[in-house]
file my_file28.cif (mmCIF, C-alpha atoms)
data_coords
loop_
_atom_site.label_atom_id
_atom_site.label_comp_id
_atom_site.auth_asym_id
_atom_site.auth_seq_id
_atom_site.Cartn_x
_atom_site.Cartn_y
_atom_site.Cartn_z
CA MET A 1 -14.04 -15.73 -7.22
CA GLN A 2 -10.70 -14.89 -8.78
CA ILE A 3 -9.25 -11.38 -8.53
CA ALA A 4 -6.29 -10.76 -10.83
CA ILE A 5 -3.71 -8.01 -10.36
CA PRO A 6 -1.36 -7.83 -13.36
CA LEU A 7 2.04 -6.32 -12.61
CA PHE A 8 4.55 -4.96 -15.09
CA PRO A 9 7.98 -3.33 -14.81
CA GLY A 10 7.56 0.22 -13.58
CA HIS A 11 4.20 -0.18 -11.86
CA THR A 12 3.61 1.90 -8.75
CA ALA A 13 3.72 -0.41 -5.74
CA LEU A 14 0.92 1.18 -3.70
CA ASP A 15 -1.43 1.14 -6.72
CA SER A 16 -1.42 -2.64 -6.52
CA VAL A 17 -0.80 -3.31 -2.83
CA GLY A 18 -3.65 -1.07 -1.62
CA PRO A 19 -6.35 -3.10 -3.39
CA TYR A 20 -4.38 -6.31 -2.87
CA GLN A 21 -4.51 -5.86 0.89
CA VAL A 22 -8.25 -5.22 0.90
CA PHE A 23 -9.03 -8.20 -1.34
CA SER A 24 -6.68 -10.50 0.55
CA TYR A 25 -9.14 -10.33 3.46
CA LEU A 26 -12.23 -11.09 1.34
CA PRO A 27 -13.48 -14.58 2.21
CA GLY A 28 -13.75 -16.81 -0.84
CA ALA A 29 -11.60 -14.62 -3.02
CA GLU A 30 -8.48 -15.96 -4.72
CA VAL A 31 -6.18 -13.01 -5.32
CA VAL A 32 -3.67 -13.69 -8.09
CA VAL A 33 -0.69 -11.47 -8.76
CA CYS A 34 0.45 -12.14 -12.34
CA ALA A 35 2.74 -10.75 -15.03
CA ALA A 36 3.67 -11.36 -18.64
CA ARG A 37 6.25 -13.87 -17.43
CA PRO A 38 6.76 -15.30 -13.93
CA GLY A 39 9.79 -13.85 -12.20
CA VAL A 40 10.87 -10.66 -10.52
CA VAL A 41 8.98 -7.50 -11.48
CA GLU A 42 10.36 -4.19 -10.26
CA ASP A 43 8.27 -1.19 -9.30
CA ASP A 44 8.80 2.33 -10.65
CA ALA A 45 11.15 3.32 -7.84
CA GLY A 46 13.30 0.26 -8.55
CA LEU A 47 13.41 -0.51 -4.85
CA LEU A 48 10.64 -3.05 -4.43
CA ALA A 49 10.84 -6.23 -6.48
CA VAL A 50 7.92 -8.63 -6.48
CA ASP A 51 8.54 -12.30 -7.19
CA VAL A 52 5.54 -13.06 -9.41
CA ARG A 53 4.60 -16.73 -9.71
CA ARG A 54 1.81 -16.65 -12.29
CA SER A 55 1.86 -15.59 -15.92
CA LEU A 56 -0.98 -13.73 -17.59
CA ALA A 57 -1.66 -16.91 -19.56
CA ASP A 58 -2.21 -18.71 -16.25
CA VAL A 59 -5.09 -16.34 -15.50
CA PRO A 60 -7.36 -16.46 -18.55
CA SER A 61 -10.71 -15.74 -16.95
CA PRO A 62 -10.58 -13.66 -13.76
CA ASP A 63 -13.80 -12.40 -12.23
CA VAL A 64 -12.27 -9.11 -11.20
CA ILE A 65 -9.33 -7.32 -12.84
CA VAL A 66 -7.38 -4.64 -10.97
CA VAL A 67 -4.82 -2.83 -13.12
CA PRO A 68 -2.25 -0.64 -11.36
CA GLY A 69 -0.54 2.34 -12.95
CA GLY A 70 2.92 3.79 -13.15
CA GLN A 71 4.82 6.02 -15.54
CA SER A 72 5.73 2.99 -17.66
CA THR A 73 2.09 2.86 -18.80
CA HIS A 74 2.90 5.76 -21.12
CA ARG A 75 5.45 3.60 -22.92
CA MET A 76 3.13 0.59 -22.88
CA ILE A 77 0.28 2.44 -24.60
CA ARG A 78 2.72 3.76 -27.21
CA ASP A 79 4.47 0.47 -27.95
CA GLY A 80 1.82 -2.10 -27.06
CA ASP A 81 2.22 -4.59 -24.25
CA PRO A 82 1.08 -8.10 -23.28
CA VAL A 83 -0.85 -6.63 -20.32
CA ILE A 84 -2.96 -4.53 -22.69
CA ASP A 85 -3.64 -7.59 -24.87
CA TRP A 86 -4.57 -9.58 -21.79
CA ILE A 87 -6.98 -6.89 -20.60
CA ARG A 88 -8.58 -6.81 -24.05
CA THR A 89 -9.25 -10.56 -24.02
CA THR A 90 -10.18 -11.06 -20.36
CA ALA A 91 -12.27 -7.94 -19.64
CA PRO A 92 -15.31 -8.98 -21.73
CA HIS A 93 -15.77 -12.00 -19.47
CA ALA A 94 -15.00 -10.30 -16.14
CA THR A 95 -17.60 -9.03 -13.72
CA TRP A 96 -15.54 -5.94 -12.96
CA THR A 97 -12.60 -4.46 -14.80
CA THR A 98 -10.92 -1.80 -12.72
CA SER A 99 -7.87 0.40 -12.60
CA VAL A 100 -5.90 2.54 -10.18
CA CYS A 101 -4.03 5.67 -11.26
CA THR A 102 -2.63 5.44 -14.80
CA GLY A 103 -3.73 1.83 -14.99
CA ALA A 104 -6.74 3.51 -16.63
CA LEU A 105 -4.55 4.25 -19.65
CA LEU A 106 -4.08 0.51 -20.15
CA LEU A 107 -7.86 0.04 -20.02
CA GLY A 108 -8.11 2.85 -22.56
CA ALA A 109 -5.56 1.24 -24.84
CA ALA A 110 -7.52 -2.00 -24.59
CA GLY A 111 -10.53 -0.10 -25.95
CA LEU A 112 -12.61 -0.27 -22.78
CA LEU A 113 -13.13 3.42 -22.07
CA THR A 114 -14.52 4.83 -25.32
CA GLY A 115 -17.40 7.15 -24.50
CA LEU A 116 -17.24 6.42 -20.79
CA PRO A 117 -16.60 8.63 -17.77
CA ALA A 118 -13.37 7.55 -16.11
CA THR A 119 -10.58 8.80 -13.90
CA THR A 120 -6.83 8.39 -13.53
CA HIS A 121 -3.99 10.24 -11.83
CA TRP A 122 -4.82 13.96 -12.15
CA ALA A 123 -1.64 14.57 -14.15
CA SER A 124 -2.79 12.19 -16.91
CA TYR A 125 -6.33 13.38 -17.64
CA ASP A 126 -5.18 14.51 -21.11
CA VAL A 127 -3.92 11.06 -22.04
CA LEU A 128 -7.10 9.47 -20.70
CA ALA A 129 -9.19 11.76 -22.93
CA SER A 130 -7.17 10.62 -25.96
CA PHE A 131 -8.87 7.21 -25.61
CA GLY A 132 -12.33 8.75 -25.91
CA ALA A 133 -12.98 8.72 -22.16
CA SER A 134 -14.43 11.66 -20.28
CA PRO A 135 -12.00 12.45 -17.44
CA THR A 136 -13.99 12.82 -14.24
CA GLN A 137 -12.61 14.34 -11.07
CA GLN A 138 -13.98 11.77 -8.68
CA ARG A 139 -12.06 9.39 -6.49
CA VAL A 140 -13.82 6.31 -7.90
CA VAL A 141 -15.77 6.40 -11.16
CA GLU A 142 -18.23 3.63 -12.00
CA ALA A 143 -19.27 3.10 -15.61
CA GLY A 144 -21.06 -0.21 -15.92
CA ALA A 145 -18.55 -3.02 -15.47
CA VAL A 146 -15.61 -0.63 -15.63
CA VAL A 147 -14.54 1.13 -12.45
CA THR A 148 -11.56 3.48 -12.40
CA ALA A 149 -9.85 5.14 -9.44
CA ALA A 150 -7.75 8.28 -9.11
CA GLY A 151 -4.03 8.31 -8.31
CA VAL A 152 -2.07 5.74 -6.29
CA SER A 153 -3.76 5.73 -2.87
CA ALA A 154 -7.28 5.74 -4.40
CA GLY A 155 -7.01 2.00 -4.97
CA ILE A 156 -7.94 1.40 -1.34
CA ASP A 157 -11.21 3.29 -1.79
CA LEU A 158 -11.82 1.45 -5.08
CA ALA A 159 -11.30 -1.94 -3.49
CA LEU A 160 -13.59 -1.26 -0.54
CA THR A 161 -16.24 -0.04 -2.99
CA LEU A 162 -15.92 -3.28 -4.95
CA VAL A 163 -16.02 -5.47 -1.85
CA GLY A 164 -19.30 -3.76 -0.97
CA LYS A 165 -20.72 -4.78 -4.34
CA LEU A 166 -19.28 -8.29 -4.26
CA ALA A 167 -19.92 -9.27 -0.65
CA GLY A 168 -22.11 -6.60 0.91
CA ASP A 169 -21.61 -3.45 2.94
CA ASP A 170 -20.79 -5.22 6.20
CA ALA A 171 -18.01 -7.25 4.58
CA ALA A 172 -16.48 -4.02 3.33
CA ARG A 173 -16.87 -2.40 6.75
CA ALA A 174 -15.20 -5.41 8.40
CA ILE A 175 -12.21 -5.19 6.08
CA GLN A 176 -12.02 -1.43 6.62
CA LEU A 177 -11.83 -2.08 10.35
CA GLY A 178 -9.32 -4.88 9.83
CA ILE A 179 -6.94 -2.55 8.00
CA GLU A 180 -7.87 0.27 10.39
CA TYR A 181 -8.63 2.52 7.43
CA ASP A 182 -9.64 5.64 9.30
CA PRO A 183 -7.40 8.00 7.35
CA GLN A 184 -6.14 11.15 9.04
CA PRO A 185 -3.70 12.78 6.65
CA PRO A 186 -1.55 15.33 8.50
CA TYR A 187 -1.96 17.73 5.55
CA ASP A 188 -4.83 18.51 3.20
CA ALA A 189 -3.13 18.68 -0.17
CA GLY A 190 -4.12 15.36 -1.70
CA ALA A 191 -6.05 16.70 -4.67
CA PRO A 192 -5.13 19.34 -7.25
CA SER A 193 -7.98 21.54 -5.99
CA LYS A 194 -6.56 21.41 -2.46
CA ALA A 195 -2.89 22.05 -3.17
CA THR A 196 -1.37 25.46 -3.78
CA PRO A 197 -0.49 26.37 -7.38
CA ALA A 198 3.21 26.23 -6.49
CA ILE A 199 2.96 22.67 -5.21
CA ARG A 200 0.80 21.63 -8.17
CA GLU A 201 3.39 22.99 -10.57
CA LEU A 202 6.25 21.34 -8.69
CA VAL A 203 4.60 17.93 -8.67
CA GLY A 204 3.44 18.31 -12.26
CA ALA A 205 7.00 19.09 -13.36
CA VAL A 206 8.40 16.06 -11.51
CA LEU A 207 5.76 13.79 -13.03
CA ASP A 208 6.34 15.21 -16.53
CA GLU A 209 10.04 14.46 -16.20
CA GLN A 210 9.29 10.94 -14.97
CA ARG A 211 6.93 10.44 -17.92
CA ARG A 212 9.61 11.61 -20.36
CA ALA A 213 12.15 9.31 -18.74
CA ALA A 214 9.76 6.38 -18.98
CA LEU A 215 9.06 7.10 -22.66
CA ALA A 216 12.80 7.29 -23.29
CA GLY A 217 13.25 3.93 -21.61
CA ARG A 218 15.33 5.38 -18.79
CA MET B 1 19.45 9.92 4.45
CA GLN B 2 18.80 6.20 4.63
CA ILE B 3 15.33 4.86 5.41
CA ALA B 4 15.23 1.15 6.24
CA ILE B 5 12.17 -1.06 6.03
CA PRO B 6 12.87 -4.52 7.47
CA LEU B 7 10.63 -7.26 6.12
CA PHE B 8 10.03 -10.70 7.62
CA PRO B 9 7.89 -13.70 6.70
CA GLY B 10 4.28 -12.93 7.51
CA HIS B 11 4.48 -9.14 7.41
CA THR B 12 1.41 -7.28 6.19
CA ALA B 13 2.16 -5.90 2.73
CA LEU B 14 0.37 -2.56 3.05
CA ASP B 15 2.08 -1.85 6.39
CA SER B 16 5.37 -1.58 4.52
CA VAL B 17 4.29 -0.42 1.06
CA GLY B 18 2.27 2.57 2.33
CA PRO B 19 5.29 4.26 3.95
CA TYR B 20 7.59 2.89 1.24
CA GLN B 21 5.61 4.70 -1.45
CA VAL B 22 5.67 7.99 0.43
CA PHE B 23 9.41 7.81 1.16
CA SER B 24 10.25 6.68 -2.38
CA TYR B 25 9.28 10.18 -3.52
CA LEU B 26 11.38 11.99 -0.92
CA PRO B 27 14.33 13.67 -2.65
CA GLY B 28 17.66 12.62 -1.18
CA ALA B 29 16.27 9.61 0.64
CA GLU B 30 17.63 6.14 0.03
CA VAL B 31 14.88 3.67 0.86
CA VAL B 32 16.24 0.21 1.64
CA VAL B 33 14.05 -2.85 1.92
CA CYS B 34 15.96 -5.45 3.92
CA ALA B 35 15.48 -8.78 5.68
CA ALA B 36 17.40 -11.24 7.85
CA ARG B 37 18.67 -12.86 4.67
CA PRO B 38 18.37 -11.64 1.06
CA GLY B 39 15.82 -13.61 -0.91
CA VAL B 40 12.10 -13.96 -1.24
CA VAL B 41 10.01 -12.87 1.75
CA GLU B 42 6.31 -13.69 1.71
CA ASP B 43 3.60 -11.55 3.21
CA ASP B 44 0.95 -12.78 5.64
CA ALA B 45 -1.52 -13.63 2.91
CA GLY B 46 1.14 -15.73 1.16
CA LEU B 47 0.24 -14.11 -2.13
CA LEU B 48 2.78 -11.35 -2.43
CA ALA B 49 6.44 -12.29 -2.37
CA VAL B 50 9.07 -9.58 -2.22
CA ASP B 51 12.53 -10.28 -3.60
CA VAL B 52 14.66 -8.60 -0.93
CA ARG B 53 18.21 -7.74 -1.98
CA ARG B 54 19.72 -6.44 1.26
CA SER B 55 20.29 -8.18 4.56
CA LEU B 56 19.85 -6.51 7.93
CA ALA B 57 23.64 -6.65 8.31
CA ASP B 58 23.92 -4.56 5.13
CA VAL B 59 21.99 -1.77 6.85
CA PRO B 60 23.77 -1.14 10.15
CA SER B 61 23.02 2.56 10.65
CA PRO B 62 19.81 3.78 9.04
CA ASP B 63 18.58 7.28 9.79
CA VAL B 64 14.95 6.21 9.83
CA ILE B 65 13.56 2.78 10.68
CA VAL B 66 10.05 1.77 9.61
CA VAL B 67 8.91 -1.57 11.03
CA PRO B 68 5.79 -3.16 9.55
CA GLY B 69 3.52 -5.52 11.42
CA GLY B 70 1.74 -8.77 10.76
CA GLN B 71 0.44 -11.65 12.85
CA SER B 72 3.87 -13.28 12.74
CA THR B 73 5.10 -10.56 15.12
CA HIS B 74 3.36 -12.47 17.92
CA ARG B 75 5.60 -15.45 17.24
CA MET B 76 8.67 -13.25 16.84
CA ILE B 77 8.23 -11.58 20.23
CA ARG B 78 7.75 -15.01 21.86
CA ASP B 79 10.70 -16.73 20.18
CA GLY B 80 13.05 -13.86 19.44
CA ASP B 81 14.00 -12.80 15.94
CA PRO B 82 16.92 -11.19 14.08
CA VAL B 83 14.68 -8.21 13.24
CA ILE B 84 14.18 -7.51 16.95
CA ASP B 85 17.94 -7.75 17.56
CA TRP B 86 18.56 -5.41 14.62
CA ILE B 87 16.07 -2.86 15.95
CA ARG B 88 17.74 -3.01 19.36
CA THR B 89 21.18 -2.22 17.92
CA THR B 90 20.21 0.30 15.23
CA ALA B 91 17.51 2.34 16.97
CA PRO B 92 19.82 4.14 19.43
CA HIS B 93 21.63 5.72 16.47
CA ALA B 94 18.58 6.46 14.30
CA THR B 95 16.86 9.84 14.09
CA TRP B 96 13.45 8.18 14.05
CA THR B 97 12.40 4.67 14.89
CA THR B 98 8.87 3.99 13.77
CA SER B 99 6.34 1.23 13.38
CA VAL B 100 3.09 0.47 11.64
CA CYS B 101 0.45 -1.81 13.12
CA THR B 102 1.90 -4.67 15.17
CA GLY B 103 5.38 -3.59 14.14
CA ALA B 104 5.10 -1.75 17.47
CA LEU B 105 5.35 -5.12 19.23
CA LEU B 106 8.81 -5.58 17.73
CA LEU B 107 9.81 -2.15 19.02
CA GLY B 108 8.43 -3.21 22.38
CA ALA B 109 10.41 -6.44 22.36
CA ALA B 110 13.52 -4.42 21.53
CA GLY B 111 12.93 -2.46 24.72
CA LEU B 112 12.06 0.84 23.06
CA LEU B 113 8.57 1.46 24.41
CA THR B 114 8.93 1.15 28.18
CA GLY B 115 7.01 3.97 29.81
CA LEU B 116 6.06 5.57 26.51
CA PRO B 117 2.71 6.25 24.88
CA ALA B 118 2.42 4.20 21.72
CA THR B 119 -0.10 2.66 19.37
CA THR B 120 -0.54 -0.49 17.30
CA HIS B 121 -3.40 -2.33 15.61
CA TRP B 122 -6.42 -1.89 17.89
CA ALA B 123 -6.66 -5.67 18.39
CA SER B 124 -3.19 -5.80 19.96
CA TYR B 125 -3.33 -3.04 22.59
CA ASP B 126 -3.06 -5.69 25.32
CA VAL B 127 0.20 -7.08 23.95
CA LEU B 128 1.57 -3.57 23.52
CA ALA B 129 0.84 -2.83 27.18
CA SER B 130 2.80 -5.95 28.19
CA PHE B 131 5.97 -4.12 27.10
CA GLY B 132 5.32 -1.26 29.47
CA ALA B 133 3.88 1.03 26.82
CA SER B 134 0.70 3.05 27.30
CA PRO B 135 -1.61 2.12 24.41
CA THR B 136 -2.96 5.34 22.93
CA GLN B 137 -5.90 5.50 20.56
CA GLN B 138 -4.39 7.92 18.09
CA ARG B 139 -3.51 7.31 14.47
CA VAL B 140 0.12 8.38 14.92
CA VAL B 141 1.75 8.63 18.35
CA GLU B 142 4.98 10.57 18.79
CA ALA B 143 7.17 9.88 21.82
CA GLY B 144 10.54 11.47 21.30
CA ALA B 145 12.42 9.60 18.61
CA VAL B 146 9.88 6.78 18.58
CA VAL B 147 6.77 7.19 16.44
CA THR B 148 4.15 4.46 16.21
CA ALA B 149 1.14 4.22 13.91
CA ALA B 150 -2.15 2.37 14.19
CA GLY B 151 -3.16 -0.58 12.00
CA VAL B 152 -2.08 -1.30 8.42
CA SER B 153 -3.22 1.77 6.46
CA ALA B 154 -1.98 4.19 9.16
CA GLY B 155 1.54 3.87 7.78
CA ILE B 156 0.68 6.38 5.06
CA ASP B 157 -0.24 9.00 7.67
CA LEU B 158 2.89 8.13 9.66
CA ALA B 159 5.16 8.55 6.64
CA LEU B 160 3.67 11.90 5.63
CA THR B 161 4.08 13.09 9.22
CA LEU B 162 7.75 12.07 9.14
CA VAL B 163 8.39 13.67 5.76
CA GLY B 164 7.06 16.91 7.22
CA LYS B 165 9.63 16.68 10.02
CA LEU B 166 12.49 15.60 7.76
CA ALA B 167 11.93 17.85 4.75
CA GLY B 168 9.27 20.38 5.66
CA ASP B 169 5.52 20.72 5.30
CA ASP B 170 5.58 21.55 1.60
CA ALA B 171 7.60 18.44 0.75
CA ALA B 172 4.98 16.36 2.56
CA ARG B 173 2.17 18.18 0.78
CA ALA B 174 3.84 17.60 -2.59
CA ILE B 175 4.12 13.87 -1.93
CA GLN B 176 0.53 13.78 -0.71
CA LEU B 177 -0.53 15.33 -4.01
CA GLY B 178 1.76 12.99 -5.95
CA ILE B 179 0.06 9.93 -4.47
CA GLU B 180 -3.31 11.72 -4.65
CA TYR B 181 -3.91 10.94 -1.00
CA ASP B 182 -7.31 12.54 -0.62
CA PRO B 183 -8.97 9.56 1.04
CA GLN B 184 -12.70 9.07 0.62
CA PRO B 185 -13.56 5.72 2.20
CA PRO B 186 -16.97 4.52 0.99
CA TYR B 187 -17.77 3.45 4.57
CA ASP B 188 -16.98 4.89 7.98
CA ALA B 189 -15.99 1.83 9.97
CA GLY B 190 -12.22 2.17 10.07
CA ALA B 191 -11.82 2.48 13.84
CA PRO B 192 -13.24 0.36 16.66
CA SER B 193 -15.25 3.36 17.89
CA LYS B 194 -16.86 3.72 14.46
CA ALA B 195 -17.77 0.10 13.74
CA THR B 196 -20.80 -1.70 15.13
CA PRO B 197 -20.24 -4.16 17.99
CA ALA B 198 -21.12 -7.05 15.65
CA ILE B 199 -18.45 -6.06 13.13
CA ARG B 200 -15.90 -5.43 15.88
CA GLU B 201 -16.54 -8.90 17.28
CA LEU B 202 -16.35 -10.52 13.85
CA VAL B 203 -13.04 -8.87 12.98
CA GLY B 204 -11.67 -9.50 16.46
CA ALA B 205 -12.48 -13.19 16.15
CA VAL B 206 -10.83 -13.46 12.74
CA LEU B 207 -7.72 -11.70 14.01
CA ASP B 208 -7.59 -13.88 17.14
CA GLU B 209 -7.68 -16.98 14.98
CA GLN B 210 -4.94 -15.58 12.74
CA ARG B 211 -2.85 -14.82 15.81
CA ARG B 212 -3.32 -18.35 17.12
CA ALA B 213 -2.38 -19.76 13.72
CA ALA B 214 0.75 -17.61 13.60
CA LEU B 215 1.74 -18.71 17.11
CA ALA B 216 1.22 -22.33 16.09
CA GLY B 217 3.42 -21.81 13.05
CA ARG B 218 0.60 -22.42 10.62
#
call {"tool": "encode", "arguments": {"input": "my_file28.cif", "output": "structure tokens"}}
result
Amino acid sequence: MQIAIPLFPGHTALDSVGPYQVFSYLPGAEVVVCAARPGVVEDDAGLLAVDVRRSLADVPSPDVIVVPGGQSTHRMIRDGDPVIDWIRTTAPHATWTTSVCTGALLLGAAGLLTGLPATTHWASYDVLASFGASPTQQRVVEAGAVVTAAGVSAGIDLALTLVGKLAGDDAARAIQLGIEYDPQPPYDAGAPSKATPAIRELVGAVLDEQRRAALAGR
Amino acid sequence: MQIAIPLFPGHTALDSVGPYQVFSYLPGAEVVVCAARPGVVEDDAGLLAVDVRRSLADVPSPDVIVVPGGQSTHRMIRDGDPVIDWIRTTAPHATWTTSVCTGALLLGAAGLLTGLPATTHWASYDVLASFGASPTQQRVVEAGAVVTAAGVSAGIDLALTLVGKLAGDDAARAIQLGIEYDPQPPYDAGAPSKATPAIRELVGAVLDEQRRAALAGR
């Protein structure tokens, strides 16, 4: 079973590495990190650079697709991108096509979300709706072969959910124990409904500015 | 404020990327990923290769040190390693010296844990104790300037805890909301006390074999 994680400049590192770590422990799975061209792909903070060895063309028929997000997705859906084209051609043959955070926007641009419930980072529900999806405030949203997860850290929950489907509940539990995923956040502000209005507005403003910067190519 | 994350061959990707993602959103923080030598550093699954631009020597006085783990730490503490030497010389001047998972073994080898409560991946409590530390079954253990976290995914909780200390509770809450860290694991087996004996034994056996392989240089 091949699990493909396409990276692109400006992806959010944890969006991809969360699921990557879970799937890397799945017996029989070949996890492939790929990109439009092999070479170094920087994340959105510009601090973590992944040396990608496989091109999208090297991965024409993955069984599972896991698309990370990042503010650069806003530019990609405006301008088009090889990752979107690749999703469009590979998804019809995949068992599961999934996304983390604003990776859902790339699924939307590939035409996969029309009429479906889906989720993304809470600050991008409006853009998700523009693809004909119904934004759904759940951590992981299943709609047939398309499974979308909420922002950034939700990819870990997505991946464990998928492992349960692919290899059974006990396989997922074993991996959860292996990565000691017994989360105990020191605060309880991880969803818009749980944060104060002031913090929501602050984070929303920062993300809006990042989105504008990404659209301007900064 | 400089936050250093030293990588080494065989580190566990999520150990470093969880805290990295949290700190990358901390205003005023310079997050530096470094390694013994600049160049490509592979993770323990051999599937994710990080192009590291800074050497340990380039980062002589970080304010915060975040050491990831991985099975290769068992070889490093047996044979010695530049990362251990770097921890030994930089930690006395750092505000916080921290670890995720078996990164704690490197702190132990650097002499930082003698007589202190500390944690690590649950499968390595015995090795942690060999450095004079008192293994403590908590997700994040604070002992003065040394803060250790449990296995792999616990680095996210560690980093949010540290952001609260460095920049205040609301800064930590804002980052938690930014990465939508409202975890909802689909299973409840993320700690040894929560998994069945059969799953504990299975995962323990897999980890033992990985440890043996790392010690044998495989």
call {"tool": "interface_residues", "arguments": {"input": "my_file28.cif", "of": "chain B", "to": "chain A", "cutoff": "7 Å", "atoms": "only C-alpha atoms", "output": "ChimeraX atom specification"}}
result
/B:13-14,17-18,21,24,45,49-51,151-154,157,160-161,173-174,176-187,189-192,199,203
call {"tool": "resolve_selection", "arguments": {"input": "my_file28.cif", "expression": "the PyMOL selection byres ((chain B and resi 114-118) around 12)", "output": "ChimeraX atom specification"}}
result
/B:98-105,107-113,119-122,124-150
call {"tool": "write_last_selection", "arguments": {"input": "my_file28.cif", "atoms": "C-alpha atoms", "output": "PDB file, in the frame of the given file"}}
result
ATOM      1  CA  THR B  98       8.870   3.990  13.770  1.00  0.00           C
ATOM      2  CA  SER B  99       6.340   1.230  13.380  1.00  0.00           C
ATOM      3  CA  VAL B 100       3.090   0.470  11.640  1.00  0.00           C
ATOM      4  CA  CYS B 101       0.450  -1.810  13.120  1.00  0.00           C
ATOM      5  CA  THR B 102       1.900  -4.670  15.170  1.00  0.00           C
ATOM      6  CA  GLY B 103       5.380  -3.590  14.140  1.00  0.00           C
ATOM      7  CA  ALA B 104       5.100  -1.750  17.470  1.00  0.00           C
ATOM      8  CA  LEU B 105       5.350  -5.120  19.230  1.00  0.00           C
ATOM      9  CA  LEU B 107       9.810  -2.150  19.020  1.00  0.00           C
ATOM     10  CA  GLY B 108       8.430  -3.210  22.380  1.00  0.00           C
ATOM     11  CA  ALA B 109      10.410  -6.440  22.360  1.00  0.00           C
ATOM     12  CA  ALA B 110      13.520  -4.420  21.530  1.00  0.00           C
ATOM     13  CA  GLY B 111      12.930  -2.460  24.720  1.00  0.00           C
ATOM     14  CA  LEU B 112      12.060   0.840  23.060  1.00  0.00           C
ATOM     15  CA  LEU B 113       8.570   1.460  24.410  1.00  0.00           C
ATOM     16  CA  THR B 119      -0.100   2.660  19.370  1.00  0.00           C
ATOM     17  CA  THR B 120      -0.540  -0.490  17.300  1.00  0.00           C
ATOM     18  CA  HIS B 121      -3.400  -2.330  15.610  1.00  0.00           C
ATOM     19  CA  TRP B 122      -6.420  -1.890  17.890  1.00  0.00           C
ATOM     20  CA  SER B 124      -3.190  -5.800  19.960  1.00  0.00           C
ATOM     21  CA  TYR B 125      -3.330  -3.040  22.590  1.00  0.00           C
ATOM     22  CA  ASP B 126      -3.060  -5.690  25.320  1.00  0.00           C
ATOM     23  CA  VAL B 127       0.200  -7.080  23.950  1.00  0.00           C
ATOM     24  CA  LEU B 128       1.570  -3.570  23.520  1.00  0.00           C
ATOM     25  CA  ALA B 129       0.840  -2.830  27.180  1.00  0.00           C
ATOM     26  CA  SER B 130       2.800  -5.950  28.190  1.00  0.00           C
ATOM     27  CA  PHE B 131       5.970  -4.120  27.100  1.00  0.00           C
ATOM     28  CA  GLY B 132       5.320  -1.260  29.470  1.00  0.00           C
ATOM     29  CA  ALA B 133       3.880   1.030  26.820  1.00  0.00           C
ATOM     30  CA  SER B 134       0.700   3.050  27.300  1.00  0.00           C
ATOM     31  CA  PRO B 135      -1.610   2.120  24.410  1.00  0.00           C
ATOM     32  CA  THR B 136      -2.960   5.340  22.930  1.00  0.00           C
ATOM     33  CA  GLN B 137      -5.900   5.500  20.560  1.00  0.00           C
ATOM     34  CA  GLN B 138      -4.390   7.920  18.090  1.00  0.00           C
ATOM     35  CA  ARG B 139      -3.510   7.310  14.470  1.00  0.00           C
ATOM     36  CA  VAL B 140       0.120   8.380  14.920  1.00  0.00           C
ATOM     37  CA  VAL B 141       1.750   8.630  18.350  1.00  0.00           C
ATOM     38  CA  GLU B 142       4.980  10.570  18.790  1.00  0.00           C
ATOM     39  CA  ALA B 143       7.170   9.880  21.820  1.00  0.00           C
ATOM     40  CA  GLY B 144      10.540  11.470  21.300  1.00  0.00           C
ATOM     41  CA  ALA B 145      12.420   9.600  18.610  1.00  0.00           C
ATOM     42  CA  VAL B 146       9.880   6.780  18.580  1.00  0.00           C
ATOM     43  CA  VAL B 147       6.770   7.190  16.440  1.00  0.00           C
ATOM     44  CA  THR B 148       4.150   4.460  16.210  1.00  0.00           C
ATOM     45  CA  ALA B 149       1.140   4.220  13.910  1.00  0.00           C
ATOM     46  CA  ALA B 150      -2.150   2.370  14.190  1.00  0.00           C
TER      47      ALA B 150
END
call {"tool": "closest_residue", "arguments": {"input": "my_file28.cif", "among": "A:Asp81, A:Pro197, A:Asp43, A:Ile3", "to": "A:Ile65", "atoms": "all atoms listed in the file"}}
result
A:Ile3
call {"tool": "atom_distance", "arguments": {"input": "my_file28.cif", "atom1": "atom CA of A:Met76", "atom2": "atom CA of B:Gly28"}}
result
28.8 Å
call {"tool": "atom_distance", "arguments": {"input": "my_file28.cif", "atom1": "atom CA of A:Ala29", "atom2": "atom CA of B:Ala214"}}
result
20.9 Å
call {"tool": "resolve_selection", "arguments": {"input": "my_file28.cif", "expression": "the PyMOL selection byres ((chain A and resi 5) around 6)", "output": "list in words"}}
result
Ala4, Pro6, Val33, Val66 and Val67 of chain A
call {"tool": "atom_distance", "arguments": {"input": "my_file28.cif", "atom1": "atom CA of B:Ala57", "atom2": "atom CA of B:Phe8"}}
result
14.2 Å
call {"tool": "resolve_selection", "arguments": {"input": "my_file28.cif", "expression": "the PyMOL selection byres ((chain B and resi 36) around 8)", "output": "mmCIF file with C-alpha atoms, in the frame of the given file"}}
result
data_model
loop_
_atom_site.group_PDB
_atom_site.id
_atom_site.type_symbol
_atom_site.label_atom_id
_atom_site.label_comp_id
_atom_site.auth_asym_id
_atom_site.auth_seq_id
_atom_site.Cartn_x
_atom_site.Cartn_y
_atom_site.Cartn_z
ATOM 1 C CA PHE B 8 10.030 -10.700 7.620
ATOM 2 C CA CYS B 34 15.960 -5.450 3.920
ATOM 3 C CA ALA B 35 15.480 -8.780 5.680
ATOM 4 C CA ARG B 37 18.670 -12.860 4.670
ATOM 5 C CA PRO B 38 18.370 -11.640 1.060
ATOM 6 C CA SER B 55 20.290 -8.180 4.560
ATOM 7 C CA LEU B 56 19.850 -6.510 7.930
ATOM 8 C CA ALA B 57 23.640 -6.650 8.310
ATOM 9 C CA PRO B 82 16.920 -11.190 14.080
ATOM 10 C CA VAL B 83 14.680 -8.210 13.240
#
